[in-house]
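Colleague: Next up, model-v8.csv (CSV, C-alpha atoms).
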```csv
chain,number,residue,atom,x,y,z
X,1009,ALA,CA,-56.6,-19.3,-161.8
X,1010,GLU,CA,-52.9,-19.2,-160.8
X,1011,THR,CA,-53.9,-18.8,-157.2
X,1012,LEU,CA,-56.2,-21.9,-157.3
X,1013,LEU,CA,-53.6,-24.0,-159.1
X,1014,ARG,CA,-50.9,-23.0,-156.6
X,1015,HIS,CA,-53.1,-24.2,-153.7
X,1016,GLY,CA,-53.9,-27.6,-155.3
X,1017,GLU,CA,-57.3,-26.7,-156.7
X,1018,ILE,CA,-56.3,-28.3,-160.1
X,1019,PRO,CA,-59.7,-28.9,-161.8
X,1020,ARG,CA,-61.1,-25.4,-160.9
X,1021,GLY,CA,-57.8,-23.7,-161.8
X,1022,GLN,CA,-57.6,-25.4,-165.2
X,1023,ALA,CA,-61.2,-24.6,-165.9
X,1024,LEU,CA,-60.5,-20.9,-165.2
X,1025,VAL,CA,-57.4,-20.9,-167.4
X,1026,GLU,CA,-59.6,-22.2,-170.3
X,1027,ARG,CA,-62.3,-19.6,-169.5
X,1028,ALA,CA,-59.8,-16.7,-169.5
X,1029,ARG,CA,-60.1,-16.6,-173.3
X,1030,PRO,CA,-62.4,-13.6,-174.2
X,1031,ASP,CA,-64.1,-15.7,-177.0
X,1032,HIS,CA,-65.1,-18.5,-174.5
X,1033,PRO,CA,-68.9,-18.8,-174.4
X,1034,GLN,CA,-68.7,-18.3,-170.6
X,1035,PRO,CA,-65.8,-15.9,-170.1
X,1036,ALA,CA,-64.4,-15.4,-166.6
X,1037,LEU,CA,-65.4,-12.7,-164.2
X,1038,LEU,CA,-62.4,-10.5,-163.2
X,1039,LEU,CA,-62.3,-10.0,-159.4
X,1040,PHE,CA,-60.0,-7.1,-159.0
X,1041,ARG,CA,-58.2,-6.7,-155.7
X,1042,ALA,CA,-57.4,-3.0,-156.3
X,1043,GLY,CA,-55.4,-2.3,-153.2
X,1044,ARG,CA,-53.1,0.7,-153.7
X,1045,ALA,CA,-54.4,1.2,-157.2
X,1046,LEU,CA,-57.5,3.0,-156.1
X,1047,GLN,CA,-55.9,4.6,-153.0
X,1048,ALA,CA,-52.9,6.1,-154.7
X,1049,ALA,CA,-52.1,9.6,-153.6
X,1050,GLY,CA,-49.3,10.3,-156.1
X,1051,GLN,CA,-48.1,7.0,-157.7
X,1052,LEU,CA,-50.4,7.0,-160.8
X,1053,ASP,CA,-48.8,4.3,-162.9
X,1054,PRO,CA,-49.9,1.3,-160.9
X,1055,ALA,CA,-53.4,2.6,-160.7
X,1056,MET,CA,-53.6,3.3,-164.4
X,1057,GLU,CA,-52.2,-0.1,-165.3
X,1058,ARG,CA,-54.9,-1.8,-163.3
X,1059,LEU,CA,-57.6,0.4,-164.6
X,1060,ASP,CA,-56.4,-0.2,-168.2
X,1061,LEU,CA,-56.7,-4.0,-167.5
X,1062,ALA,CA,-60.2,-3.5,-166.1
X,1063,ALA,CA,-61.2,-1.4,-169.1
X,1064,ASP,CA,-60.0,-4.0,-171.5
X,1065,ALA,CA,-62.0,-6.7,-169.7
X,1066,LEU,CA,-65.1,-4.6,-169.9
X,1067,LEU,CA,-64.6,-4.1,-173.6
X,1068,HIS,CA,-64.5,-7.9,-174.0
X,1069,GLY,CA,-67.8,-8.3,-172.2
X,1070,ILE,CA,-66.2,-9.5,-169.0
X,1071,LYS,CA,-67.7,-8.3,-165.7
X,1072,VAL,CA,-65.3,-6.6,-163.4
X,1073,CYS,CA,-65.4,-6.1,-159.6
X,1074,ALA,CA,-62.9,-4.0,-157.7
X,1075,THR,CA,-62.6,-4.6,-154.0
X,1076,CYS,CA,-60.6,-2.0,-152.1
X,1077,SER,CA,-60.3,0.7,-149.5
X,1078,PHE,CA,-60.6,4.4,-150.6
X,1079,ARG,CA,-58.7,7.2,-149.0
X,1080,SER,CA,-60.1,10.6,-148.2
X,1081,ARG,CA,-58.2,12.3,-151.0
X,1082,VAL,CA,-57.5,10.4,-154.3
X,1083,ALA,CA,-55.6,11.8,-157.2
X,1084,SER,CA,-57.8,13.6,-159.8
X,1085,PRO,CA,-56.6,11.5,-162.8
X,1086,ILE,CA,-57.7,8.4,-161.0
X,1087,LEU,CA,-61.1,9.9,-160.2
X,1088,ARG,CA,-61.6,11.0,-163.8
X,1089,ARG,CA,-60.8,7.5,-165.1
X,1090,LEU,CA,-63.1,5.9,-162.6
X,1091,ARG,CA,-66.1,8.1,-163.6
X,1092,LEU,CA,-65.7,6.7,-167.1
X,1093,MET,CA,-65.9,3.1,-166.0
X,1094,THR,CA,-69.6,2.9,-165.2
X,1095,GLY,CA,-69.7,-0.8,-166.0
X,1096,MET,CA,-67.3,-1.7,-163.2
X,1097,GLN,CA,-68.7,-2.7,-159.8
X,1098,PHE,CA,-66.9,-1.3,-156.8
X,1099,LEU,CA,-66.9,-3.1,-153.4
X,1100,LEU,CA,-65.6,-1.0,-150.5
X,1101,ARG,CA,-64.5,-2.8,-147.3
X,1102,ASP,CA,-65.4,-0.3,-144.7
X,1103,ASP,CA,-68.0,2.5,-144.2
X,1104,ASP,CA,-65.4,5.3,-144.3
X,1105,SER,CA,-64.1,4.0,-147.7
X,1106,LEU,CA,-67.6,3.7,-149.1
X,1107,ALA,CA,-68.4,7.3,-148.1
X,1108,ASN,CA,-65.0,8.5,-149.5
X,1109,PHE,CA,-65.6,6.7,-152.8
X,1110,CYS,CA,-69.2,8.0,-153.3
X,1111,ARG,CA,-68.3,11.6,-152.4
X,1112,GLN,CA,-65.2,11.8,-154.7
X,1113,THR,CA,-66.4,9.9,-157.7
X,1114,GLY,CA,-70.2,10.4,-157.7
X,1115,LEU,CA,-70.6,6.7,-158.5
X,1116,GLU,CA,-72.6,4.0,-156.7
X,1117,ALA,CA,-70.7,1.4,-154.7
X,1118,ASN,CA,-71.5,-1.3,-152.2
X,1119,TYR,CA,-69.9,-2.6,-149.0
X,1120,PHE,CA,-68.3,-6.0,-149.2
X,1121,PRO,CA,-66.2,-7.6,-146.4
X,1122,ASP,CA,-62.4,-7.6,-146.8
X,1123,LEU,CA,-61.3,-10.7,-148.6
X,1124,SER,CA,-59.1,-11.8,-145.6
X,1125,PHE,CA,-62.3,-12.8,-143.8
X,1126,PHE,CA,-62.7,-15.6,-146.3
X,1127,ALA,CA,-59.3,-17.1,-145.4
X,1128,GLU,CA,-59.7,-20.2,-143.3
X,1129,GLU,CA,-57.9,-20.5,-139.9
X,1130,GLY,CA,-54.9,-22.8,-140.2
X,1131,GLU,CA,-53.8,-26.0,-138.6
X,1132,GLY,CA,-50.6,-28.0,-138.4
X,1133,SER,CA,-47.2,-28.2,-136.9
X,1134,ILE,CA,-46.2,-24.6,-137.2
X,1135,ILE,CA,-49.2,-23.6,-135.1
X,1136,SER,CA,-48.8,-26.4,-132.5
X,1137,GLU,CA,-45.1,-25.6,-132.0
X,1138,ALA,CA,-45.8,-21.9,-131.6
X,1139,VAL,CA,-48.7,-22.4,-129.2
X,1140,SER,CA,-46.6,-24.8,-127.1
X,1141,GLN,CA,-43.7,-22.4,-126.9
X,1142,ILE,CA,-46.0,-19.5,-125.9
X,1143,ASN,CA,-47.8,-21.6,-123.2
X,1144,LEU,CA,-44.5,-22.6,-121.7
X,1145,ALA,CA,-43.2,-19.0,-121.7
X,1146,ARG,CA,-46.4,-17.7,-120.1
X,1147,LYS,CA,-45.4,-19.5,-116.9
X,1148,SER,CA,-42.6,-16.9,-116.3
X,1149,HIS,CA,-43.4,-14.0,-118.6
X,1150,GLY,CA,-46.2,-11.7,-119.4
X,1151,PRO,CA,-48.0,-10.2,-121.2
X,1152,ILE,CA,-47.5,-12.1,-124.5
X,1153,ILE,CA,-47.2,-9.4,-127.2
X,1154,GLY,CA,-47.5,-10.3,-130.8
X,1155,VAL,CA,-45.2,-8.0,-132.9
X,1156,ASN,CA,-44.9,-7.5,-136.6
X,1157,PHE,CA,-42.8,-5.0,-138.5
X,1158,ALA,CA,-43.5,-4.0,-142.2
X,1159,GLU,CA,-41.7,-1.9,-144.7
X,1160,HIS,CA,-44.9,0.0,-145.6
X,1161,SER,CA,-45.3,1.0,-142.0
X,1162,PHE,CA,-41.6,2.0,-141.8
X,1163,ARG,CA,-41.8,4.3,-144.8
X,1164,SER,CA,-44.7,6.1,-143.3
X,1165,PHE,CA,-42.4,7.2,-140.4
X,1166,PHE,CA,-39.0,7.7,-142.3
X,1167,ASP,CA,-38.2,9.7,-145.4
X,1168,VAL,CA,-34.7,8.2,-145.7
X,1169,HIS,CA,-34.8,4.4,-146.2
X,1170,SER,CA,-31.4,3.6,-144.8
X,1171,GLU,CA,-30.2,0.6,-142.8
X,1172,GLU,CA,-29.8,2.8,-139.8
X,1173,ASN,CA,-33.4,4.0,-140.0
X,1174,HIS,CA,-34.6,0.4,-140.5
X,1175,LEU,CA,-32.9,-0.5,-137.2
X,1176,GLU,CA,-34.2,2.6,-135.5
X,1177,TYR,CA,-37.8,1.8,-136.5
X,1178,VAL,CA,-37.5,-1.7,-134.9
X,1179,THR,CA,-35.6,-0.7,-131.8
X,1180,SER,CA,-37.7,2.4,-131.0
X,1181,ILE,CA,-40.9,0.2,-131.0
X,1182,LEU,CA,-39.3,-2.5,-128.8
X,1183,ARG,CA,-37.9,0.1,-126.4
X,1184,GLU,CA,-41.4,1.6,-126.0
X,1185,LEU,CA,-42.9,-1.8,-125.3
X,1186,ASN,CA,-40.2,-2.9,-122.9
X,1187,ASP,CA,-40.6,0.3,-120.9
X,1188,ALA,CA,-44.3,-0.4,-120.5
X,1189,TYR,CA,-44.1,-4.2,-120.2
X,1190,PRO,CA,-40.7,-5.1,-118.6
X,1191,ASN,CA,-41.5,-8.8,-118.3
X,1192,ALA,CA,-43.2,-9.4,-121.7
X,1193,LEU,CA,-42.6,-12.2,-124.1
X,1194,TYR,CA,-42.5,-11.1,-127.8
X,1195,VAL,CA,-44.0,-13.3,-130.5
X,1196,LEU,CA,-42.5,-12.2,-133.8
X,1197,PHE,CA,-44.9,-12.5,-136.8
X,1198,SER,CA,-44.3,-12.3,-140.5
X,1199,ASN,CA,-47.2,-11.6,-142.9
X,1200,ASP,CA,-45.2,-11.1,-146.1
X,1201,VAL,CA,-41.9,-12.8,-147.1
X,1202,ARG,CA,-41.3,-10.8,-150.3
X,1203,ARG,CA,-38.3,-8.6,-150.5
X,1204,TRP,CA,-36.7,-6.3,-153.0
X,1205,GLU,CA,-33.6,-4.1,-153.0
X,1206,ASN,CA,-33.8,-1.8,-149.9
X,1207,HIS,CA,-37.2,-3.3,-149.2
X,1208,PRO,CA,-36.9,-5.9,-146.5
X,1209,SER,CA,-39.6,-8.4,-145.8
X,1210,ASP,CA,-41.5,-8.8,-142.6
X,1211,ASP,CA,-39.3,-11.8,-141.9
X,1212,ASP,CA,-36.1,-9.7,-142.3
X,1213,TYR,CA,-37.5,-7.3,-139.7
X,1214,ALA,CA,-38.3,-10.2,-137.4
X,1215,ASN,CA,-34.7,-11.3,-137.5
X,1216,VAL,CA,-33.5,-7.8,-136.6
X,1217,ALA,CA,-36.0,-7.7,-133.7
X,1218,SER,CA,-34.9,-11.1,-132.5
X,1219,ASP,CA,-31.3,-10.1,-132.5
X,1220,TRP,CA,-32.0,-6.9,-130.6
X,1221,LEU,CA,-34.2,-8.7,-128.0
X,1222,ILE,CA,-31.5,-11.4,-127.3
X,1223,LYS,CA,-28.8,-8.8,-127.0
X,1224,ASN,CA,-30.7,-6.4,-124.8
X,1225,LEU,CA,-33.1,-8.5,-122.8
X,1226,GLY,CA,-31.4,-11.9,-122.9
X,1227,GLY,CA,-32.6,-15.3,-124.2
X,1228,GLY,CA,-36.1,-16.7,-123.7
X,1229,ARG,CA,-37.8,-13.3,-124.2
X,1230,SER,CA,-38.9,-13.8,-127.8
X,1231,PHE,CA,-40.2,-16.5,-130.2
X,1232,LYS,CA,-40.2,-16.1,-134.0
X,1233,ILE,CA,-43.0,-17.7,-136.0
X,1234,ASP,CA,-41.9,-19.9,-138.9
X,1235,SER,CA,-41.9,-17.6,-142.0
X,1236,LYS,CA,-43.3,-20.5,-144.0
X,1237,GLY,CA,-46.5,-20.2,-142.2
X,1238,SER,CA,-49.7,-19.0,-143.9
X,1239,TYR,CA,-52.1,-16.2,-143.1
X,1240,GLY,CA,-54.4,-18.8,-141.7
X,1241,ASP,CA,-51.6,-20.0,-139.4
X,1242,ASN,CA,-51.1,-16.4,-138.2
X,1243,ILE,CA,-54.8,-16.2,-137.4
X,1244,ALA,CA,-54.6,-19.4,-135.3
X,1245,ILE,CA,-51.4,-18.4,-133.4
X,1246,LEU,CA,-52.8,-14.9,-132.6
X,1247,ARG,CA,-55.3,-16.6,-130.3
X,1248,SER,CA,-52.4,-17.2,-127.9
X,1249,VAL,CA,-51.2,-13.6,-127.6
X,1250,ASP,CA,-52.6,-10.9,-125.3
X,1251,PHE,CA,-52.4,-8.1,-127.8
X,1252,LEU,CA,-50.7,-7.3,-131.2
X,1253,VAL,CA,-48.5,-4.5,-132.4
X,1254,THR,CA,-48.2,-4.5,-136.2
X,1255,GLY,CA,-47.4,-2.5,-139.3
X,1256,ARG,CA,-50.1,-4.2,-141.4
X,1257,MET,CA,-53.9,-3.9,-141.7
X,1258,HIS,CA,-54.5,-7.5,-142.6
X,1259,LEU,CA,-52.7,-8.8,-139.6
X,1260,SER,CA,-54.9,-6.4,-137.6
X,1261,LEU,CA,-58.0,-7.9,-139.2
X,1262,ALA,CA,-56.7,-11.4,-138.3
X,1263,ALA,CA,-56.5,-10.2,-134.7
X,1264,PHE,CA,-60.1,-8.9,-134.9
X,1265,ARG,CA,-61.3,-12.3,-136.0
X,1266,VAL,CA,-59.9,-14.0,-132.8
X,1267,ALA,CA,-60.8,-11.1,-130.5
X,1268,VAL,CA,-57.3,-9.9,-129.8
X,1269,VAL,CA,-56.7,-6.1,-129.5
X,1270,PRO,CA,-54.3,-4.9,-132.2
X,1271,PHE,CA,-52.3,-1.7,-132.4
X,1272,VAL,CA,-51.3,-0.7,-136.0
X,1273,LEU,CA,-48.4,1.6,-136.6
X,1274,MET,CA,-49.0,4.0,-139.5
X,1275,GLY,CA,-47.4,7.4,-139.7
X,1276,GLU,CA,-48.8,10.6,-141.4
X,1277,GLY,CA,-47.1,13.2,-143.6
X,1278,ARG,CA,-44.3,11.0,-144.9
X,1279,GLY,CA,-44.1,8.7,-148.0
X,1280,TYR,CA,-47.0,6.4,-148.7
X,1281,THR,CA,-49.4,6.2,-145.8
X,1282,SER,CA,-52.6,4.0,-145.4
X,1283,VAL,CA,-53.8,5.7,-142.2
X,1284,ASP,CA,-57.2,6.4,-143.7
X,1285,LYS,CA,-58.0,2.7,-144.4
X,1286,MET,CA,-56.6,1.8,-141.0
X,1287,ARG,CA,-58.8,4.2,-139.2
X,1288,GLY,CA,-61.9,3.1,-141.2
X,1289,ALA,CA,-61.3,-0.6,-140.4
X,1290,PHE,CA,-60.5,0.0,-136.7
X,1291,PHE,CA,-63.6,2.2,-136.1
X,1292,LYS,CA,-65.8,-0.5,-137.7
X,1293,PHE,CA,-64.4,-3.3,-135.5
X,1294,MET,CA,-63.3,-1.6,-132.3
X,1295,GLY,CA,-65.6,1.5,-132.2
X,1296,THR,CA,-62.5,3.7,-131.8
X,1297,THR,CA,-59.4,4.7,-133.8
X,1298,GLU,CA,-57.2,5.0,-130.6
X,1299,SER,CA,-55.1,2.0,-131.5
X,1300,VAL,CA,-54.1,3.4,-134.9
X,1301,VAL,CA,-50.8,4.8,-133.8
X,1302,SER,CA,-49.2,7.6,-135.8
X,1303,SER,CA,-46.3,8.3,-133.4
X,1304,ILE,CA,-44.0,5.6,-132.1
X,1305,ALA,CA,-43.1,7.8,-129.1
X,1306,GLY,CA,-45.7,7.1,-126.4
X,1307,LEU,CA,-46.8,3.7,-127.9
X,1308,GLY,CA,-46.3,1.9,-124.6
X,1309,ALA,CA,-48.3,4.4,-122.6
X,1310,ARG,CA,-51.0,4.6,-125.2
X,1311,SER,CA,-51.4,0.8,-125.2
X,1312,LEU,CA,-51.6,0.6,-121.4
X,1313,GLU,CA,-54.3,3.2,-121.4
X,1314,LEU,CA,-56.4,1.5,-124.1
X,1315,LEU,CA,-56.0,-2.0,-122.7
X,1316,ARG,CA,-57.8,-0.8,-119.5
X,1317,SER,CA,-60.9,-1.3,-121.7
X,1318,ARG,CA,-59.7,-4.6,-123.0
X,1319,ASP,CA,-62.7,-6.7,-121.7
X,1320,GLN,CA,-65.2,-4.3,-123.4
X,1321,ILE,CA,-63.3,-4.3,-126.7
X,1322,VAL,CA,-62.9,-8.1,-126.7
X,1323,GLY,CA,-66.6,-8.5,-126.0
X,1324,ARG,CA,-67.4,-6.3,-129.0
X,1325,LEU,CA,-65.0,-8.2,-131.3
X,1326,GLN,CA,-66.5,-11.6,-130.2
X,1327,HIS,CA,-70.0,-10.4,-131.0
X,1328,LEU,CA,-68.9,-9.0,-134.4
X,1329,ASP,CA,-67.1,-12.2,-135.3
X,1330,ALA,CA,-70.2,-14.3,-134.5
X,1331,THR,CA,-72.4,-12.1,-136.7
X,1332,MET,CA,-69.9,-11.8,-139.5
X,1333,ARG,CA,-69.4,-15.5,-139.9
X,1334,VAL,CA,-73.0,-15.7,-141.1
X,1335,SER,CA,-73.2,-12.3,-142.9
X,1336,ASN,CA,-70.0,-12.8,-144.9
X,1337,GLU,CA,-71.2,-15.9,-146.6
X,1338,VAL,CA,-74.5,-14.1,-147.3
X,1339,PHE,CA,-72.6,-11.2,-148.9
X,1340,ALA,CA,-70.6,-13.6,-151.1
X,1341,VAL,CA,-73.6,-15.5,-152.4
X,1342,SER,CA,-75.6,-12.3,-152.9
X,1343,LEU,CA,-72.8,-10.8,-155.0
X,1344,LEU,CA,-72.5,-14.0,-157.0
X,1345,ASN,CA,-76.2,-14.0,-157.7
X,1346,GLU,CA,-76.1,-10.4,-158.8
X,1347,LEU,CA,-73.2,-10.9,-161.1
X,1348,GLN,CA,-74.3,-14.1,-162.7
X,1349,GLY,CA,-77.6,-12.8,-164.1
X,1350,ASN,CA,-79.7,-15.8,-165.1
X,1351,LEU,CA,-79.1,-18.9,-162.9
X,1352,PRO,CA,-78.4,-22.2,-164.5
X,1353,SER,CA,-81.1,-24.9,-164.3
X,1354,GLU,CA,-78.9,-27.5,-162.5
X,1355,LYS,CA,-78.7,-27.0,-158.8
X,1356,GLU,CA,-75.3,-28.8,-158.7
X,1357,ASN,CA,-73.8,-26.1,-160.9
X,1358,ILE,CA,-74.9,-23.4,-158.6
X,1359,VAL,CA,-73.5,-25.0,-155.5
X,1360,ASP,CA,-70.1,-25.7,-157.3
X,1361,LEU,CA,-70.0,-22.1,-158.5
X,1362,GLN,CA,-70.6,-20.7,-155.1
X,1363,ALA,CA,-68.0,-22.9,-153.6
X,1364,THR,CA,-65.4,-21.8,-156.2
X,1365,PHE,CA,-66.3,-18.2,-155.7
X,1366,ILE,CA,-65.8,-18.3,-151.9
X,1367,SER,CA,-62.8,-20.6,-152.2
X,1368,ALA,CA,-61.0,-18.3,-154.6
X,1369,MET,CA,-61.6,-15.2,-152.5
X,1370,GLY,CA,-60.2,-17.0,-149.4
X,1371,LEU,CA,-57.1,-18.2,-151.3
X,1372,LEU,CA,-56.5,-14.7,-152.7
X,1373,ALA,CA,-56.7,-13.3,-149.2
X,1374,SER,CA,-54.1,-15.8,-148.0
X,1375,SER,CA,-51.5,-14.4,-150.5
X,1376,ALA,CA,-49.2,-11.5,-149.6
X,1377,GLU,CA,-51.5,-8.8,-148.4
X,1378,GLU,CA,-50.1,-5.8,-150.2
X,1379,ASN,CA,-49.7,-7.5,-153.6
X,1380,GLY,CA,-52.4,-5.9,-155.8
X,1381,GLY,CA,-53.3,-9.2,-157.4
X,1382,LEU,CA,-56.0,-10.7,-159.6
X,1383,VAL,CA,-57.9,-13.8,-159.5
X,1384,GLY,CA,-60.3,-15.2,-162.1
X,1385,VAL,CA,-63.7,-16.3,-160.8
X,1386,PRO,CA,-66.2,-18.0,-163.1
X,1387,ALA,CA,-69.3,-16.2,-164.3
X,1388,ILE,CA,-72.4,-17.7,-165.9
X,1389,HIS,CA,-74.0,-17.6,-169.4
X,1390,GLY,CA,-71.6,-15.1,-171.0
X,1391,HIS,CA,-71.2,-12.7,-168.0
```
Give the structure from this file in structure tokens form.

Modeller:
Amino acid sequence: AETLLRHGEIPRGQALVERARPDHPQPALLLFRAGRALQAAGQLDPAMERLDLAADALLHGIKVCATCSFRSRVASPILRRLRLMTGMQFLLRDDDSLANFCRQTGLEANYFPDLSFFAEEGEGSIISEAVSQINLARKSHGPIIGVNFAEHSFRSFFDVHSEENHLEYVTSILRELNDAYPNALYVLFSNDVRRWENHPSDDDYANVASDWLIKNLGGGRSFKIDSKGSYGDNIAILRSVDFLVTGRMHLSLAAFRVAVVPFVLMGEGRGYTSVDKMRGAFFKFMGTTESVVSSIAGLGARSLELLRSRDQIVGRLQHLDATMRVSNEVFAVSLLNELQGNLPSEKENIVDLQATFISAMGLLASSAEENGGLVGVPAIHGH
């Protein structure tokens, strides 16, 4: 409800606030973007808090769906709790996650597309300004490389989260790219502006990268996307880059949607890593995991090698996008029909409910990608 209200969907948001009461005759469905909760390798508290919330909703007769990835090894306490929650519906966003979930829990689950695919492509001045700058720069520079740095990615490569290591993370990536592409233009993306103590935002990283590029390569070699832009804006701007290097899965998914080859940086063996879900998503869309990069050293050479097959990969992504535009809406409506039980008699109610359901998923997808959030979506006749 808060997500809908924040995006100006006032009537729908207010209706969901009212239906959040458990004693309401038509209580809300809890659509649970589980994220790290069901992937946690060692941080149990966030997972248990979310599962406690889901359990409480089930006890009040509210249907609960969890949409997530699922790593190859999940902590035993989480698995034990999941096996007790047979009334909860689990929606896995790639084939590897679905197989991992069923193997480890013994429960049934279904595939459902990642919520980011319900976010609409943006439009407006942020996009037009960026595209204009990129087109102008393309006359004298190339390739055009989209670059994004993220704290989650950083922590998968470094045990010590110091200012010096933050700088080394950024500069080592840029040095690799500059060695491979000495005349490139760098388009600096932010996909999350949240920051905490010793936890810089994507935008903070973009500023560090911009400073390094100006100092070492000179002016006119980079362009920083306005941090006020939305996920939909990023999708639109990505159409103008030749390939993407990112620390985030959801920016990679945005690149898939516009048939741009992404390279995602995610280490192994240090801190909290999401390499499993990265590989699952990349295999589904690209048919290979070669662009899931777990060592910064050699990034440039690895990208040059894979991009020799760029035309083949782009053709695959274009074909998948065309088919998924149809299938994603079918998945959404099918899930809604399954959850709602008995359909209302008025056709108008069905149409409005389906629109609310798909709209809410898209708006949730547009929020900060690693924020394990919740959104209320209406159910029907007490479900």

Colleague: X:Ser1136, X:Gln1112, X:Ser1124, X:Ser1282: which is nearest Pro1085 of chain X, counting all atoms listed in the file?

Modeller: X:Gln1112

Colleague: What is the atom CA of Leu1196 of chain X-atom CA of Ile1152 of chain X distance in Å, reported with one decimal?

Modeller: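 Taking atom CA of Leu1196 of chain X as the start and atom CA of Ile1152 of chain X as the end point, the length is 10.6 Å.
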
Colleague: Find the distance between atom CA of Ala1267 of chain X and atom CA of Leu1123 of chain X and write it in Å to one decimal.

Modeller: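 Distance between the two atoms: 18.1 Å.
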
Colleague: Which residues come within 8 Å of His1207 of chain X, counting only C-alpha atoms, excluding same-chain residues fewer than 3 positions away, as a list of chain:residue names?

Modeller: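 My reading of the contact set: X:Glu1159, X:Arg1203, X:Trp1204.
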
Colleague: What's around segment 1325-1330 of chain X at 8 Å? Count only C-alpha atoms, leave out sequence neighbours fewer than 5 positions away in its own chain, and write the answer as a list in words.

Modeller: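 Skipping anything fewer than 5 positions along the chain leaves Phe1264, Arg1265, Val1266, Ala1267, Phe1293 and Met1294 of chain X.
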
Colleague: Quote the spacing between atom CA of Pro1151 of chain X and atom CA of Val1139 of chain X in Å to one decimal place.

Modeller: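 That distance, rounded to one decimal, is 14.6 Å.
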
Colleague: Go through X:Ile1304, X:Thr1094, X:Asn1242, X:Cys1110 and flag the residue nearest Glu1176 of chain X, using all atoms listed in the file for the distances.

Modeller: X:Ile1304

Colleague: List as a ChimeraX atom specification: which residues have an atom within 10 Å of (-68.8, 12.6, -163.5), counting all atoms listed in the file?

Modeller: /X:1087-1092,1094,1112-1115

Colleague: Closest to Leu1185 of chain X among X:Leu1343, X:Leu1221, X:Val1072, X:Ala1262, using only C-alpha atoms?

Modeller: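 Of all the options, X:Leu1221 lies closest to Leu1185 of chain X.
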
Colleague: Applying 6 Å and only C-alpha atoms, which residues near Met1274 of chain X remain after dropping the ones on its own chain fewer than 6 positions away? List them as a ChimeraX atom specification.

Modeller: /X:1161,1283,1302

Colleague: Identify which of the residues X:Ala1340, X:Leu1066, X:Met1257, X:Met1286 lies closest to Asp1104 of chain X, counting all atoms listed in the file when measuring atom-to-atom distances.

Modeller: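 Smallest distance to Asp1104 of chain X is found for X:Met1286.
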
Colleague: Using all atoms listed in the file, find each residue in segment 1244-1337 of chain X having at least one atom no more than 9 Å away from segment 1188-1194 of chain X; report its shortest atom-to-atom pair and that distance in Å (one decimal), rows by chain then rising number, as CSV.

Modeller:
```
residue,atom,partner,partner_atom,distance
X:Leu1307,CA,X:Ala1188,CA,8.8
X:Gly1308,CA,X:Ala1188,CA,5.1
X:Ala1309,CA,X:Ala1188,CA,6.6
X:Ser1311,CA,X:Ala1188,CA,8.6
X:Leu1312,CA,X:Ala1188,CA,7.4
```

Colleague: Name the residues, using the chain letters and numbers of the file, that sit within 12 Å of (-44.9, 5.0, -132.8) when counting all atoms listed in the file, and give them as a ChimeraX atom specification.

Modeller: /X:1157,1161-1162,1164-1166,1176-1185,1253-1255,1271-1276,1299-1311

Colleague: Using only C-alpha atoms, find the one residue out of X:Phe1109, X:Phe1231, X:Phe1078, X:Phe1126 that sits nearest to Ser1140 of chain X.

Modeller: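 Under the stated criterion, the closest residue is X:Phe1231.
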
Colleague: So, with only C-alpha atoms as the atoms that count, which of X:Gly1277, X:Gly1228, X:Pro1208, X:Gly1132 lies closest to Lys1147 of chain X?

Modeller: X:Gly1228

Colleague: Fewer than 5 positions away in the same chain doesn't count, so skip those; otherwise give me all residues within 6 Å of Gly1154 of chain X, counting all atoms listed in the file, as a list of chain:residue names.

Modeller: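 Near neighbours after the sequence-gap exclusion: X:Tyr1194, X:Val1195, X:Val1249, X:Leu1252.
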
Colleague: Show me, as a list in words, the residues that have an atom within 12 Å of Met1096 of chain X when counting all atoms listed in the file, minus same-chain residues fewer than 6 positions from it.

Modeller: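 In the requested format, the answer is Leu1037, Leu1038, Leu1039, Phe1040, Leu1059, Leu1061, Ala1062, Ala1063, Asp1064, Ala1065, Leu1066, Leu1067, Gly1069, Ile1070, Lys1071, Val1072, Cys1073, Ala1074, Thr1075, Arg1089, Leu1090, Leu1115, Glu1116, Ala1117, Asn1118 and Leu1347 of chain X.
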